[in-house]
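In what follows, a single structure is set out as C-alpha cells and then discussed.
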Amino acid sequence: MSGGPLRWLRGRPEANAPEPAGLRTEREVRAAYELYGGELLGFAVKALDDRQLAEDVVQETFVRAWRSPRGFDPQQGSLRTWLFAIARNAVVDAMRRRRVREGPGCSSWDAVTETSSAFDSVDQLLERIQLGEALERLSPQHREAVVEVYFGGRTCAELGEELGVPASTMRSRLYYGVRSLRLILEENGWLAS
C-alpha cells in the first residue's frame, strides 16, 4: 500500500524505539514519556484548547499509569493505547473541573456543545488508534483488502485487477480480513458485542 488510507499509521514513535514492557520502574516511565509524551500532549491540547491544562493532563496520565501498572496488559493492546485511554479519562476529569471552576453562570449551550465535540474528537482519535493496532495484526493481504475497499472506497474488482488476482479472491480476502478484524477488536474489548 502506498500512502492512501493508512498514512496516519506511519511515523509513529514506537516504530523508532522499543516500547517499554510496562511502567513499573522510573526508567520505563521515562522511556514511555519519550515515546508518547508529545503525542499525548497534542491529544490533550486538541481536546482542551489549553496548553497548560493539557500539560497537567499528560503529567496526570503518567502518574495514574505508574500508580496502577497492573492495569496494563500487553495481551489486550499496546502501552500506547492504554496511555491514551488514561489520557482520555484525565481530559474528561479536567473538563469537569474546569466547568466547576467556571461556575453555574458560565455554562451555556455553546459550552455544552464544545465539550461534546471535544469528547467526540477524543473518542475518534482513540478509535483510530485502536483500529490501527488491530489492522497491524492482520496478514498483509487481508489488511490491504480491508483498507483499500473499506477506507479507500475501491471495489474488489478494481483492487484485484490492479494486483493481478481474481475479484473472487479479493472478496475472500476482504471477508476473512473483516472477520479477523472484528475478532481482534472484540477480543480487546474495543468493539461492543
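In the C-alpha cells, chains take letters A, B, ... by order of appearance, with residues numbered from 1 within each chain and ligands from 1 in the order shown.
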Rows by chain and residue number, segment 47-95 of chain A within 10 Å of segment 31-39 of chain A, shortest pair, only C-alpha atoms, as a tab-separated table:
residue	atom	partner	partner_atom	distance
A:Glu55	CA	A:Gly37	CA	9.5
A:Val58	CA	A:Gly37	CA	7.0
A:Gln59	CA	A:Gly37	CA	8.9
A:Thr61	CA	A:Gly37	CA	9.6
A:Phe62	CA	A:Tyr33	CA	7.7
A:Leu79	CA	A:Ala32	CA	8.2
A:Arg80	CA	A:Tyr36	CA	6.9
A:Leu83	CA	A:Tyr36	CA	8.3
A:Phe84	CA	A:Tyr36	CA	9.1
Could those selected residues go to a file with C-alpha atoms, as a JSON list (two decimals), in the first residue's frame?
[["chain", "number", "residue", "atom", "x", "y", "z"],
["A", 55, "GLU", "CA", 0.48, 19.58, 30.21],
["A", 58, "VAL", "CA", -0.17, 14.46, 30.43],
["A", 59, "GLN", "CA", 1.56, 14.53, 33.80],
["A", 61, "THR", "CA", -1.72, 10.39, 32.80],
["A", 62, "PHE", "CA", 1.77, 9.15, 33.59],
["A", 79, "LEU", "CA", 1.11, 0.59, 26.02],
["A", 80, "ARG", "CA", 0.29, 3.50, 23.71],
["A", 83, "LEU", "CA", -1.91, 5.55, 27.92],
["A", 84, "PHE", "CA", -4.35, 7.20, 25.52]]
For segment 133-142 of chain A, work out the shell of residues within 8 Å, counting only C-alpha atoms and skipping chain neighbours fewer than 4 positions away, then give it as an mmCIF file with all heavy atoms, in the first residue's frame.
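This went into part-v7.cif:
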data_model
loop_
_atom_site.group_PDB
_atom_site.id
_atom_site.type_symbol
_atom_site.label_atom_id
_atom_site.label_comp_id
_atom_site.auth_asym_id
_atom_site.auth_seq_id
_atom_site.Cartn_x
_atom_site.Cartn_y
_atom_site.Cartn_z
ATOM 1 N N GLY A 77 -3.596 -4.984 24.340
ATOM 2 C CA GLY A 77 -3.271 -3.876 23.449
ATOM 3 C C GLY A 77 -1.912 -3.311 23.792
ATOM 4 O O GLY A 77 -1.225 -3.811 24.678
ATOM 5 N N SER A 78 -1.559 -2.258 23.108
ATOM 6 C CA SER A 78 -0.236 -1.671 23.322
ATOM 7 C C SER A 78 -0.240 -0.711 24.503
ATOM 8 O O SER A 78 -1.294 -0.245 24.956
ATOM 9 C CB SER A 78 0.210 -0.929 22.062
ATOM 10 O OG SER A 78 -0.528 0.266 21.920
ATOM 11 N N ILE A 129 -6.674 4.886 16.792
ATOM 12 C CA ILE A 129 -5.501 4.193 17.347
ATOM 13 C C ILE A 129 -5.806 2.706 17.504
ATOM 14 O O ILE A 129 -5.016 1.851 17.113
ATOM 15 C CB ILE A 129 -5.091 4.813 18.695
ATOM 16 C CG1 ILE A 129 -4.539 6.221 18.479
ATOM 17 C CG2 ILE A 129 -4.083 3.933 19.422
ATOM 18 C CD1 ILE A 129 -4.389 7.014 19.755
ATOM 19 N N VAL A 146 -8.972 -4.945 3.275
ATOM 20 C CA VAL A 146 -9.845 -4.170 4.161
ATOM 21 C C VAL A 146 -9.604 -2.671 3.992
ATOM 22 O O VAL A 146 -10.545 -1.889 3.832
ATOM 23 C CB VAL A 146 -9.631 -4.585 5.641
ATOM 24 C CG1 VAL A 146 -10.340 -3.632 6.592
ATOM 25 C CG2 VAL A 146 -10.109 -6.018 5.863
ATOM 26 N N ARG A 173 -10.516 -12.423 0.537
ATOM 27 C CA ARG A 173 -9.568 -11.729 1.423
ATOM 28 C C ARG A 173 -10.286 -10.675 2.254
ATOM 29 O O ARG A 173 -10.015 -10.520 3.445
ATOM 30 C CB ARG A 173 -8.458 -11.068 0.608
ATOM 31 C CG ARG A 173 -7.476 -12.040 0.019
ATOM 32 C CD ARG A 173 -6.419 -11.316 -0.785
ATOM 33 N NE ARG A 173 -5.515 -12.261 -1.430
ATOM 34 C CZ ARG A 173 -4.543 -11.909 -2.249
ATOM 35 N NH1 ARG A 173 -4.337 -10.616 -2.527
ATOM 36 N NH2 ARG A 173 -3.775 -12.814 -2.803
ATOM 37 N N LEU A 174 -11.209 -9.958 1.617
ATOM 38 C CA LEU A 174 -11.965 -8.925 2.328
ATOM 39 C C LEU A 174 -12.824 -9.567 3.420
ATOM 40 O O LEU A 174 -12.826 -9.115 4.565
ATOM 41 C CB LEU A 174 -12.830 -8.129 1.349
ATOM 42 C CG LEU A 174 -13.701 -7.048 1.965
ATOM 43 C CD1 LEU A 174 -12.845 -5.962 2.606
ATOM 44 C CD2 LEU A 174 -14.608 -6.447 0.900
ATOM 45 N N TYR A 176 -12.532 -12.503 4.996
ATOM 46 C CA TYR A 176 -11.747 -13.043 6.112
ATOM 47 C C TYR A 176 -10.976 -11.947 6.854
ATOM 48 O O TYR A 176 -10.757 -12.046 8.055
ATOM 49 C CB TYR A 176 -10.813 -14.161 5.639
ATOM 50 C CG TYR A 176 -11.589 -15.409 5.306
ATOM 51 C CD1 TYR A 176 -11.754 -15.812 3.985
ATOM 52 C CD2 TYR A 176 -12.200 -16.153 6.309
ATOM 53 C CE1 TYR A 176 -12.504 -16.940 3.677
ATOM 54 C CE2 TYR A 176 -12.943 -17.274 6.010
ATOM 55 C CZ TYR A 176 -13.101 -17.665 4.697
ATOM 56 O OH TYR A 176 -13.843 -18.782 4.405
ATOM 57 N N GLY A 177 -10.603 -10.895 6.148
ATOM 58 C CA GLY A 177 -9.947 -9.759 6.801
ATOM 59 C C GLY A 177 -10.879 -9.049 7.763
ATOM 60 O O GLY A 177 -10.521 -8.754 8.909
ATOM 61 N N VAL A 178 -12.104 -8.792 7.317
ATOM 62 C CA VAL A 178 -13.101 -8.126 8.181
ATOM 63 C C VAL A 178 -13.449 -9.031 9.355
ATOM 64 O O VAL A 178 -13.564 -8.567 10.495
ATOM 65 C CB VAL A 178 -14.363 -7.748 7.371
ATOM 66 C CG1 VAL A 178 -15.497 -7.316 8.284
ATOM 67 C CG2 VAL A 178 -14.034 -6.651 6.372
ATOM 68 N N SER A 180 -11.554 -11.338 10.771
ATOM 69 C CA SER A 180 -10.419 -11.327 11.703
ATOM 70 C C SER A 180 -10.348 -10.005 12.464
ATOM 71 O O SER A 180 -10.080 -9.987 13.668
ATOM 72 C CB SER A 180 -9.106 -11.550 10.957
ATOM 73 O OG SER A 180 -9.089 -12.810 10.364
ATOM 74 N N LEU A 181 -10.573 -8.905 11.758
ATOM 75 C CA LEU A 181 -10.535 -7.588 12.387
ATOM 76 C C LEU A 181 -11.588 -7.489 13.489
ATOM 77 O O LEU A 181 -11.318 -7.020 14.592
ATOM 78 C CB LEU A 181 -10.757 -6.502 11.330
ATOM 79 C CG LEU A 181 -10.620 -5.066 11.776
ATOM 80 C CD1 LEU A 181 -9.209 -4.781 12.280
ATOM 81 C CD2 LEU A 181 -10.968 -4.131 10.619
ATOM 82 N N ILE A 184 -10.441 -9.458 16.520
ATOM 83 C CA ILE A 184 -9.384 -8.750 17.246
ATOM 84 C C ILE A 184 -9.983 -7.628 18.083
ATOM 85 O O ILE A 184 -9.657 -7.458 19.265
ATOM 86 C CB ILE A 184 -8.326 -8.191 16.272
ATOM 87 C CG1 ILE A 184 -7.540 -9.336 15.625
ATOM 88 C CG2 ILE A 184 -7.387 -7.220 16.968
ATOM 89 C CD1 ILE A 184 -6.722 -8.923 14.410
ATOM 90 N N LEU A 185 -10.875 -6.854 17.483
ATOM 91 C CA LEU A 185 -11.497 -5.737 18.202
ATOM 92 C C LEU A 185 -12.340 -6.235 19.373
ATOM 93 O O LEU A 185 -12.314 -5.656 20.457
ATOM 94 C CB LEU A 185 -12.328 -4.882 17.248
ATOM 95 C CG LEU A 185 -11.534 -4.118 16.190
ATOM 96 C CD1 LEU A 185 -12.466 -3.503 15.152
ATOM 97 C CD2 LEU A 185 -10.660 -3.046 16.828
#
For this session: Identify, with DSSP run on backbone atoms, the residues in segment 46-96 of chain A assigned to alpha helix (DSSP H), and express the list as number ranges by chain.
Result: A: 46-48, 51-67, 79-96
Output file for the residues above (N, CA and C atoms, as a compact mmCIF listing (two decimals), in the first residue's frame):
# COMPACT_ATOMS: atom_id res chain seq x y z
N LYS A 46 -5.53 19.46 21.87
CA LYS A 46 -6.64 19.49 20.92
C LYS A 46 -7.98 19.35 21.65
N ALA A 47 -8.03 18.49 22.64
CA ALA A 47 -9.28 18.26 23.36
C ALA A 47 -9.65 19.42 24.29
N LEU A 48 -8.63 20.03 24.91
CA LEU A 48 -8.89 21.04 25.94
C LEU A 48 -8.72 22.48 25.45
N ARG A 51 -3.05 24.81 26.65
CA ARG A 51 -1.78 24.10 26.73
C ARG A 51 -1.37 23.76 28.17
N GLN A 52 -1.54 24.71 29.08
CA GLN A 52 -1.15 24.46 30.47
C GLN A 52 -1.96 23.31 31.07
N LEU A 53 -3.25 23.35 30.84
CA LEU A 53 -4.10 22.28 31.35
C LEU A 53 -3.75 20.95 30.67
N ALA A 54 -3.41 21.00 29.39
CA ALA A 54 -3.01 19.79 28.66
C ALA A 54 -1.72 19.20 29.25
N GLU A 55 -0.77 20.06 29.60
CA GLU A 55 0.48 19.58 30.21
C GLU A 55 0.18 18.90 31.54
N ASP A 56 -0.75 19.48 32.31
CA ASP A 56 -1.15 18.85 33.57
C ASP A 56 -1.80 17.49 33.33
N VAL A 57 -2.59 17.39 32.27
CA VAL A 57 -3.26 16.13 31.94
C VAL A 57 -2.23 15.06 31.58
N VAL A 58 -1.21 15.43 30.81
CA VAL A 58 -0.17 14.46 30.43
C VAL A 58 0.56 13.98 31.68
N GLN A 59 0.90 14.91 32.56
CA GLN A 59 1.56 14.53 33.80
C GLN A 59 0.66 13.60 34.61
N GLU A 60 -0.60 13.94 34.72
CA GLU A 60 -1.55 13.12 35.46
C GLU A 60 -1.68 11.73 34.82
N THR A 61 -1.63 11.67 33.51
CA THR A 61 -1.72 10.39 32.80
C THR A 61 -0.59 9.46 33.22
N PHE A 62 0.63 9.99 33.23
CA PHE A 62 1.77 9.15 33.59
C PHE A 62 1.77 8.80 35.07
N VAL A 63 1.29 9.70 35.91
CA VAL A 63 1.19 9.39 37.35
C VAL A 63 0.18 8.27 37.57
N ARG A 64 -0.98 8.38 36.92
CA ARG A 64 -2.01 7.34 37.06
C ARG A 64 -1.49 6.00 36.54
N ALA A 65 -0.82 6.03 35.40
CA ALA A 65 -0.29 4.79 34.82
C ALA A 65 0.75 4.16 35.74
N TRP A 66 1.61 4.99 36.29
CA TRP A 66 2.67 4.49 37.17
C TRP A 66 2.10 3.90 38.45
N ARG A 67 1.02 4.52 38.95
CA ARG A 67 0.41 4.04 40.20
C ARG A 67 -0.36 2.74 40.01
N LEU A 79 0.95 -0.40 24.96
CA LEU A 79 1.11 0.59 26.02
C LEU A 79 0.56 1.94 25.56
N ARG A 80 0.77 2.24 24.30
CA ARG A 80 0.29 3.50 23.71
C ARG A 80 -1.23 3.61 23.86
N THR A 81 -1.95 2.56 23.49
CA THR A 81 -3.41 2.58 23.59
C THR A 81 -3.85 2.75 25.04
N TRP A 82 -3.18 2.05 25.94
CA TRP A 82 -3.52 2.14 27.36
C TRP A 82 -3.30 3.56 27.87
N LEU A 83 -2.18 4.18 27.49
CA LEU A 83 -1.91 5.55 27.92
C LEU A 83 -2.94 6.53 27.34
N PHE A 84 -3.34 6.32 26.10
CA PHE A 84 -4.35 7.20 25.52
C PHE A 84 -5.70 7.05 26.22
N ALA A 85 -6.04 5.84 26.64
CA ALA A 85 -7.29 5.64 27.38
C ALA A 85 -7.22 6.36 28.72
N ILE A 86 -6.09 6.29 29.39
CA ILE A 86 -5.91 7.01 30.66
C ILE A 86 -5.98 8.51 30.41
N ALA A 87 -5.34 8.96 29.34
CA ALA A 87 -5.35 10.40 28.99
C ALA A 87 -6.77 10.87 28.70
N ARG A 88 -7.55 10.05 28.03
CA ARG A 88 -8.93 10.44 27.74
C ARG A 88 -9.69 10.66 29.05
N ASN A 89 -9.52 9.75 29.99
CA ASN A 89 -10.19 9.91 31.29
C ASN A 89 -9.69 11.16 32.01
N ALA A 90 -8.39 11.43 31.91
CA ALA A 90 -7.84 12.64 32.55
C ALA A 90 -8.37 13.90 31.87
N VAL A 91 -8.55 13.86 30.57
CA VAL A 91 -9.13 15.01 29.85
C VAL A 91 -10.56 15.24 30.32
N VAL A 92 -11.33 14.18 30.43
CA VAL A 92 -12.72 14.29 30.91
C VAL A 92 -12.74 14.90 32.31
N ASP A 93 -11.87 14.42 33.18
CA ASP A 93 -11.80 14.96 34.55
C ASP A 93 -11.42 16.44 34.53
N ALA A 94 -10.47 16.81 33.68
CA ALA A 94 -10.03 18.21 33.59
C ALA A 94 -11.18 19.10 33.09
N MET A 95 -11.95 18.59 32.13
CA MET A 95 -13.10 19.36 31.64
C MET A 95 -14.13 19.58 32.73
N ARG A 96 -14.36 18.53 33.51
CA ARG A 96 -15.33 18.65 34.62
C ARG A 96 -14.84 19.65 35.65
Seminar exercise, completed: Gln76 of chain A proximity check over A:Gln124, A:Thr155, A:Gln130, A:Ser168, using only C-alpha atoms: winner is A:Gln130
For this session: Would you mind reading off the distance between atom CA of Tyr175 of chain A and atom CA of Cys156 of chain A, one decimal, in Å?
Result: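 Atom-to-atom, atom CA of Tyr175 of chain A to atom CA of Cys156 of chain A, that is 10.7 Å.
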For this session: Pick out the closest residue to Val149 of chain A from this set: A:Arg171, A:Arg99, A:Arg179, A:Arg70. Count only C-alpha atoms.
Result: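 Smallest separation from Val149 of chain A among the options: A:Arg171.
Between atom CA of Arg97 of chain A and atom CA of Leu41 of chain A the separation is 18.5 Å.
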Exercise. Residues at most 10 Å from Ala157 of chain A, counting only C-alpha atoms, excluding those fewer than 5 positions away in the same chain, as a PyMOL selection string?
Worked result: chain A and resi 149+162-163+165-171
